[in-house]
Amino acid sequence: MKLMHVDASPKGKTSGSRALSRYFVDQLRAQLPSLSVDYLDLAAETPPAITGLFTAATYTPAAARTDAMRDALTVSDALCRRLLAADALLFAMPMHNWTMPAAFKTFVDSIVRGGVTYQATGDGHYVGMLGGRKTLFVTTRGVDLRPGTPFAAMDALTPALRAAFGFIGVADPQFVDAQPMQFANEIEHAAALRRAKHELAAVARSWADADRPALSKAG
């Protein structure tokens, strides 16, 4: 399995989402020693902001693009190739103001590309190119947004991720959300981490089982 692992937290070594994504990779590698990981740290390598030139380039046929247009698409082209080359996708991030961090939004804007990660059909429909890839979102939330909590209706992150990645073919992503984290007492914080790690271990087992050849499972 080739996994693309993307971290988006700006907090570095103190980041909860980074710690949880590392935990998941360690769990998966323990069961799949041949796991290959393509790692991207969006805090260190944030894609350039979307410009008018970038937008014009994406809607210009490749053969008609100017050198400036091709340059504007260089980072986006590379990111799209990395996504398409992966068998599985892991995205980890904190919730910022109820939705995704700015660096991850720029990443999304860079990888939702017509003719690259989605194709328009002749009958007016769109087909995403990332279908069939296992996809996991690991998020940390300052407050508890689980159903039935006072802040449940404030979760703009989950639907935004489902919409953006669903459009490019990720039909059934998995979510592991650690909550509450920032605005929680010590007991609540520890419980949130335990729940998340328990869920991540289960996802790692299921991914590993699905990746092993049928003969190995039978044996």
# chains A, B, ... in the order shown; residues from 1 in each chain; ligands from 1
>>> residues_around(residues="stretch 141-156 of chain A", least_positions_apart="6", cutoff="6 Å", atoms="only C-alpha atoms", output="VMD selection string")
chain A and resid 95 98 to 99 179 to 183
>>> closest_atom_pairs(of="stretch 55-132 of chain A", to="stretch 1-5 of chain A", cutoff="9 Å", atoms="only C-alpha atoms", output="tab-separated table")
residue	atom	partner	partner_atom	distance
A:Arg82	CA	A:Met4	CA	7.5
A:Leu83	CA	A:Met4	CA	6.8
A:Ala85	CA	A:Lys2	CA	7.9
A:Ala86	CA	A:Lys2	CA	5.2
A:Asp87	CA	A:Lys2	CA	5.2
A:Ala88	CA	A:Leu3	CA	4.8
A:Leu89	CA	A:Met4	CA	5.0
A:Leu90	CA	A:His5	CA	4.7
A:Phe91	CA	A:His5	CA	6.1
A:Ala92	CA	A:His5	CA	8.0
>>> residues_around(residues="A:Arg29", least_positions_apart="2", cutoff="12 Å", atoms="only C-alpha atoms", output="list of chain:residue names")
A:Met1, A:Lys2, A:Leu3, A:Arg22, A:Tyr23, A:Phe24, A:Val25, A:Asp26, A:Gln27, A:Gln31, A:Leu32, A:Pro33, A:Ser34, A:Leu35, A:Ser36, A:Val37, A:Ala201, A:Ala204, A:Arg205, A:Trp207, A:Ala208, A:Asp211
>>> write_last_selection(atoms="C-alpha atoms", output="short mmCIF file (atom, residue, chain, number, x, y, z; two decimals), in the first residue's frame")
data_model
loop_
_atom_site.label_atom_id
_atom_site.label_comp_id
_atom_site.auth_asym_id
_atom_site.auth_seq_id
_atom_site.Cartn_x
_atom_site.Cartn_y
_atom_site.Cartn_z
CA MET A 1 0.00 0.00 0.00
CA LYS A 2 1.17 3.51 -0.84
CA LEU A 3 -0.24 6.05 1.59
CA ARG A 22 1.51 9.50 13.43
CA TYR A 23 -0.21 7.03 15.73
CA PHE A 24 -2.37 5.81 12.85
CA VAL A 25 0.62 5.41 10.52
CA ASP A 26 2.50 3.47 13.22
CA GLN A 27 -0.51 1.19 13.73
CA GLN A 31 0.48 -4.64 10.33
CA LEU A 32 1.77 -3.76 6.86
CA PRO A 33 5.58 -3.58 7.09
CA SER A 34 5.83 -2.85 3.37
CA LEU A 35 3.73 0.32 3.75
CA SER A 36 5.09 3.20 1.65
CA VAL A 37 4.34 6.73 2.87
CA ALA A 201 -6.44 1.35 15.69
CA ALA A 204 -5.72 0.55 10.71
CA ARG A 205 -6.74 -3.07 11.25
CA TRP A 207 -7.22 -1.25 6.09
CA ALA A 208 -4.50 -3.82 6.68
CA ASP A 211 -4.82 -4.87 1.72
#
>>> residues_around(residues="stretch 114-118 of chain A", least_positions_apart="3", cutoff="8 Å", atoms="only C-alpha atoms", output="list in words")
Thr58, Tyr59, Cys80, Leu84, Ile111, Tyr126, Val127, Gly128, Met129, Leu130, Phe167, Ile168 and Gly169 of chain A
>>> write_last_selection(atoms="N, CA and C atoms", output="mmCIF file, in the first residue's frame")
data_model
loop_
_atom_site.group_PDB
_atom_site.id
_atom_site.type_symbol
_atom_site.label_atom_id
_atom_site.label_comp_id
_atom_site.auth_asym_id
_atom_site.auth_seq_id
_atom_site.Cartn_x
_atom_site.Cartn_y
_atom_site.Cartn_z
ATOM 1 N N THR A 58 -6.119 26.972 -15.418
ATOM 2 C CA THR A 58 -6.866 25.724 -15.261
ATOM 3 C C THR A 58 -7.965 25.578 -16.300
ATOM 4 N N TYR A 59 -8.456 26.697 -16.831
ATOM 5 C CA TYR A 59 -9.523 26.648 -17.835
ATOM 6 C C TYR A 59 -9.003 26.832 -19.257
ATOM 7 N N CYS A 80 -1.385 16.978 -7.501
ATOM 8 C CA CYS A 80 -2.364 16.078 -8.120
ATOM 9 C C CYS A 80 -1.728 14.743 -8.493
ATOM 10 N N LEU A 84 -2.951 11.057 -7.061
ATOM 11 C CA LEU A 84 -3.377 10.015 -7.996
ATOM 12 C C LEU A 84 -2.489 8.781 -7.928
ATOM 13 N N ILE A 111 -5.958 21.107 -5.611
ATOM 14 C CA ILE A 111 -6.080 19.731 -6.116
ATOM 15 C C ILE A 111 -7.442 19.401 -6.730
ATOM 16 N N TYR A 126 -20.090 14.947 -13.756
ATOM 17 C CA TYR A 126 -18.672 15.020 -13.406
ATOM 18 C C TYR A 126 -18.261 13.726 -12.722
ATOM 19 N N VAL A 127 -17.069 13.246 -13.073
ATOM 20 C CA VAL A 127 -16.559 11.998 -12.509
ATOM 21 C C VAL A 127 -15.236 12.285 -11.819
ATOM 22 N N GLY A 128 -15.162 11.961 -10.523
ATOM 23 C CA GLY A 128 -13.926 12.149 -9.773
ATOM 24 C C GLY A 128 -12.929 11.054 -10.081
ATOM 25 N N MET A 129 -11.655 11.417 -10.057
ATOM 26 C CA MET A 129 -10.593 10.487 -10.411
ATOM 27 C C MET A 129 -9.974 9.772 -9.208
ATOM 28 N N LEU A 130 -10.413 10.104 -7.991
ATOM 29 C CA LEU A 130 -9.816 9.495 -6.803
ATOM 30 C C LEU A 130 -10.666 8.367 -6.234
ATOM 31 N N PHE A 167 -16.466 15.287 -4.611
ATOM 32 C CA PHE A 167 -16.492 15.764 -5.993
ATOM 33 C C PHE A 167 -15.358 15.178 -6.817
ATOM 34 N N ILE A 168 -14.222 14.888 -6.167
ATOM 35 C CA ILE A 168 -13.096 14.319 -6.910
ATOM 36 C C ILE A 168 -12.992 12.805 -6.715
ATOM 37 N N GLY A 169 -14.082 12.201 -6.241
ATOM 38 C CA GLY A 169 -14.179 10.748 -6.289
ATOM 39 C C GLY A 169 -14.128 10.002 -4.977
#
>>> closest_residue(among="A:Ala102, A:Val170, A:Leu157, A:Ala64", to="A:Gly131", atoms="only C-alpha atoms")
A:Val170
>>> atom_distance(atom1="atom CA of A:Ala210", atom2="atom CA of A:Ser17")
24.9 Å
>>> atom_distance(atom1="atom CA of A:Leu161", atom2="atom CA of A:Leu193")
21.7 Å
>>> atom_distance(atom1="atom CA of A:Phe104", atom2="atom CA of A:Leu42")
7.0 Å
>>> select_by_dssp(residues="stretch 82-177 of chain A", states="helix (DSSP H, G or I)", output="VMD selection string")
chain A and resid 82 to 85 102 to 111 152 to 154 157 to 167
>>> write_last_selection(atoms="N, CA, C and O atoms", output="tab-separated table (two decimals), in the first residue's frame")
chain	number	residue	atom	x	y	z
A	82	ARG	N	0.76	13.31	-7.01
A	82	ARG	CA	0.99	12.56	-5.77
A	82	ARG	C	-0.29	11.91	-5.27
A	82	ARG	O	-0.29	10.76	-4.82
A	83	LEU	N	-1.38	12.64	-5.33
A	83	LEU	CA	-2.66	12.07	-4.90
A	83	LEU	C	-3.06	10.89	-5.78
A	83	LEU	O	-3.48	9.83	-5.28
A	84	LEU	N	-2.95	11.06	-7.06
A	84	LEU	CA	-3.38	10.01	-8.00
A	84	LEU	C	-2.49	8.78	-7.93
A	84	LEU	O	-2.92	7.68	-8.28
A	85	ALA	N	-1.25	8.95	-7.46
A	85	ALA	CA	-0.32	7.82	-7.35
A	85	ALA	C	-0.53	7.01	-6.07
A	85	ALA	O	0.02	5.91	-5.93
A	102	ALA	N	-6.50	27.27	7.06
A	102	ALA	CA	-6.27	27.99	5.80
A	102	ALA	C	-5.34	27.22	4.87
A	102	ALA	O	-5.56	27.17	3.66
A	103	ALA	N	-4.28	26.61	5.42
A	103	ALA	CA	-3.34	25.88	4.58
A	103	ALA	C	-4.01	24.70	3.88
A	103	ALA	O	-3.71	24.41	2.71
A	104	PHE	N	-4.93	24.04	4.59
A	104	PHE	CA	-5.60	22.90	3.96
A	104	PHE	C	-6.60	23.37	2.92
A	104	PHE	O	-6.78	22.71	1.89
A	105	LYS	N	-7.23	24.51	3.15
A	105	LYS	CA	-8.15	25.05	2.13
A	105	LYS	C	-7.38	25.38	0.86
A	105	LYS	O	-7.86	25.11	-0.27
A	106	THR	N	-6.18	25.94	0.99
A	106	THR	CA	-5.37	26.22	-0.19
A	106	THR	C	-4.98	24.93	-0.90
A	106	THR	O	-4.96	24.87	-2.13
A	107	PHE	N	-4.69	23.89	-0.12
A	107	PHE	CA	-4.40	22.57	-0.69
A	107	PHE	C	-5.59	22.06	-1.49
A	107	PHE	O	-5.45	21.61	-2.64
A	108	VAL	N	-6.79	22.16	-0.91
A	108	VAL	CA	-8.00	21.73	-1.62
A	108	VAL	C	-8.18	22.50	-2.92
A	108	VAL	O	-8.47	21.93	-3.98
A	109	ASP	N	-7.98	23.82	-2.85
A	109	ASP	CA	-8.12	24.64	-4.05
A	109	ASP	C	-7.10	24.26	-5.13
A	109	ASP	O	-7.35	24.45	-6.32
A	110	SER	N	-5.98	23.70	-4.70
A	110	SER	CA	-4.93	23.32	-5.64
A	110	SER	C	-5.15	21.96	-6.28
A	110	SER	O	-4.61	21.69	-7.36
A	111	ILE	N	-5.96	21.11	-5.61
A	111	ILE	CA	-6.08	19.73	-6.12
A	111	ILE	C	-7.44	19.40	-6.73
A	111	ILE	O	-7.60	18.33	-7.30
A	152	ALA	N	-23.03	21.01	18.21
A	152	ALA	CA	-23.11	20.06	17.09
A	152	ALA	C	-23.41	20.73	15.75
A	152	ALA	O	-22.87	20.35	14.71
A	153	ALA	N	-24.26	21.74	15.77
A	153	ALA	CA	-24.67	22.40	14.52
A	153	ALA	C	-23.57	23.30	13.95
A	153	ALA	O	-23.70	23.80	12.83
A	154	MET	N	-22.48	23.50	14.70
A	154	MET	CA	-21.42	24.39	14.26
A	154	MET	C	-20.35	23.68	13.43
A	154	MET	O	-19.40	24.30	12.98
A	157	LEU	N	-16.75	21.71	9.21
A	157	LEU	CA	-15.58	21.01	8.67
A	157	LEU	C	-15.96	19.71	7.97
A	157	LEU	O	-15.56	19.47	6.83
A	158	THR	N	-16.73	18.87	8.66
A	158	THR	CA	-17.07	17.56	8.08
A	158	THR	C	-17.80	17.68	6.74
A	158	THR	O	-17.38	17.05	5.76
A	159	PRO	N	-18.87	18.49	6.63
A	159	PRO	CA	-19.54	18.59	5.33
A	159	PRO	C	-18.66	19.21	4.25
A	159	PRO	O	-18.77	18.83	3.08
A	160	ALA	N	-17.78	20.14	4.61
A	160	ALA	CA	-16.90	20.74	3.61
A	160	ALA	C	-15.92	19.72	3.05
A	160	ALA	O	-15.68	19.67	1.83
A	161	LEU	N	-15.38	18.88	3.92
A	161	LEU	CA	-14.46	17.85	3.47
A	161	LEU	C	-15.18	16.80	2.62
A	161	LEU	O	-14.67	16.37	1.58
A	162	ARG	N	-16.36	16.40	3.06
A	162	ARG	CA	-17.13	15.42	2.28
A	162	ARG	C	-17.46	15.96	0.89
A	162	ARG	O	-17.38	15.24	-0.12
A	163	ALA	N	-17.83	17.24	0.81
A	163	ALA	CA	-18.22	17.82	-0.48
A	163	ALA	C	-17.02	17.94	-1.41
A	163	ALA	O	-17.08	17.52	-2.58
A	164	ALA	N	-15.93	18.52	-0.93
A	164	ALA	CA	-14.77	18.75	-1.79
A	164	ALA	C	-14.17	17.45	-2.29
A	164	ALA	O	-13.88	17.29	-3.48
A	165	PHE	N	-13.98	16.49	-1.39
A	165	PHE	CA	-13.35	15.24	-1.79
A	165	PHE	C	-14.33	14.29	-2.47
A	165	PHE	O	-13.93	13.48	-3.31
A	166	GLY	N	-15.62	14.41	-2.14
A	166	GLY	CA	-16.61	13.63	-2.87
A	166	GLY	C	-16.65	14.01	-4.33
A	166	GLY	O	-16.82	13.16	-5.21
A	167	PHE	N	-16.47	15.29	-4.61
A	167	PHE	CA	-16.49	15.76	-5.99
A	167	PHE	C	-15.36	15.18	-6.82
A	167	PHE	O	-15.49	14.99	-8.02
>>> closest_residue(among="A:Tyr39, A:Val75, A:Gly16, A:Pro10", to="A:His189", atoms="only C-alpha atoms")
A:Gly16
>>> select_by_dssp(residues="stretch 22-218 of chain A", states="strand (DSSP E)", output="VMD selection string")
chain A and resid 36 to 41 88 to 94 118 to 120 126 to 128 134 to 140 174 to 178
>>> closest_residue(among="A:Leu136, A:Ile187, A:Ala196, A:Ala78", to="A:Asp172", atoms="only C-alpha atoms")
A:Leu136
>>> residues_around(residues="A:Asp71", least_positions_apart="5", cutoff="12 Å", atoms="only C-alpha atoms", output="PDB file with C-alpha atoms, in the first residue's frame")
ATOM      1  CA  PRO A  48       0.635  29.196  -3.222  1.00  0.00           C
ATOM      2  CA  LEU A  53      -3.409  33.525 -13.526  1.00  0.00           C
ATOM      3  CA  PHE A  54      -3.822  30.126 -11.874  1.00  0.00           C
ATOM      4  CA  ALA A  57      -4.565  28.433 -16.606  1.00  0.00           C
ATOM      5  CA  THR A  58      -6.866  25.724 -15.261  1.00  0.00           C
ATOM      6  CA  ARG A  65      -1.123  27.640 -21.984  1.00  0.00           C
ATOM      7  CA  THR A  66       1.597  30.257 -21.801  1.00  0.00           C
ATOM      8  CA  SER A  76      -0.799  22.007  -8.267  1.00  0.00           C
ATOM      9  CA  ASP A  77       0.250  19.568 -10.993  1.00  0.00           C
ATOM     10  CA  ALA A  78       2.751  17.922  -8.631  1.00  0.00           C
TER      11      ALA A  78
END
>>> residues_around(residues="A:Asp41", least_positions_apart="2", cutoff="9 Å", atoms="only C-alpha atoms", output="PyMOL selection string")
chain A and resi 5-9+39+43-46
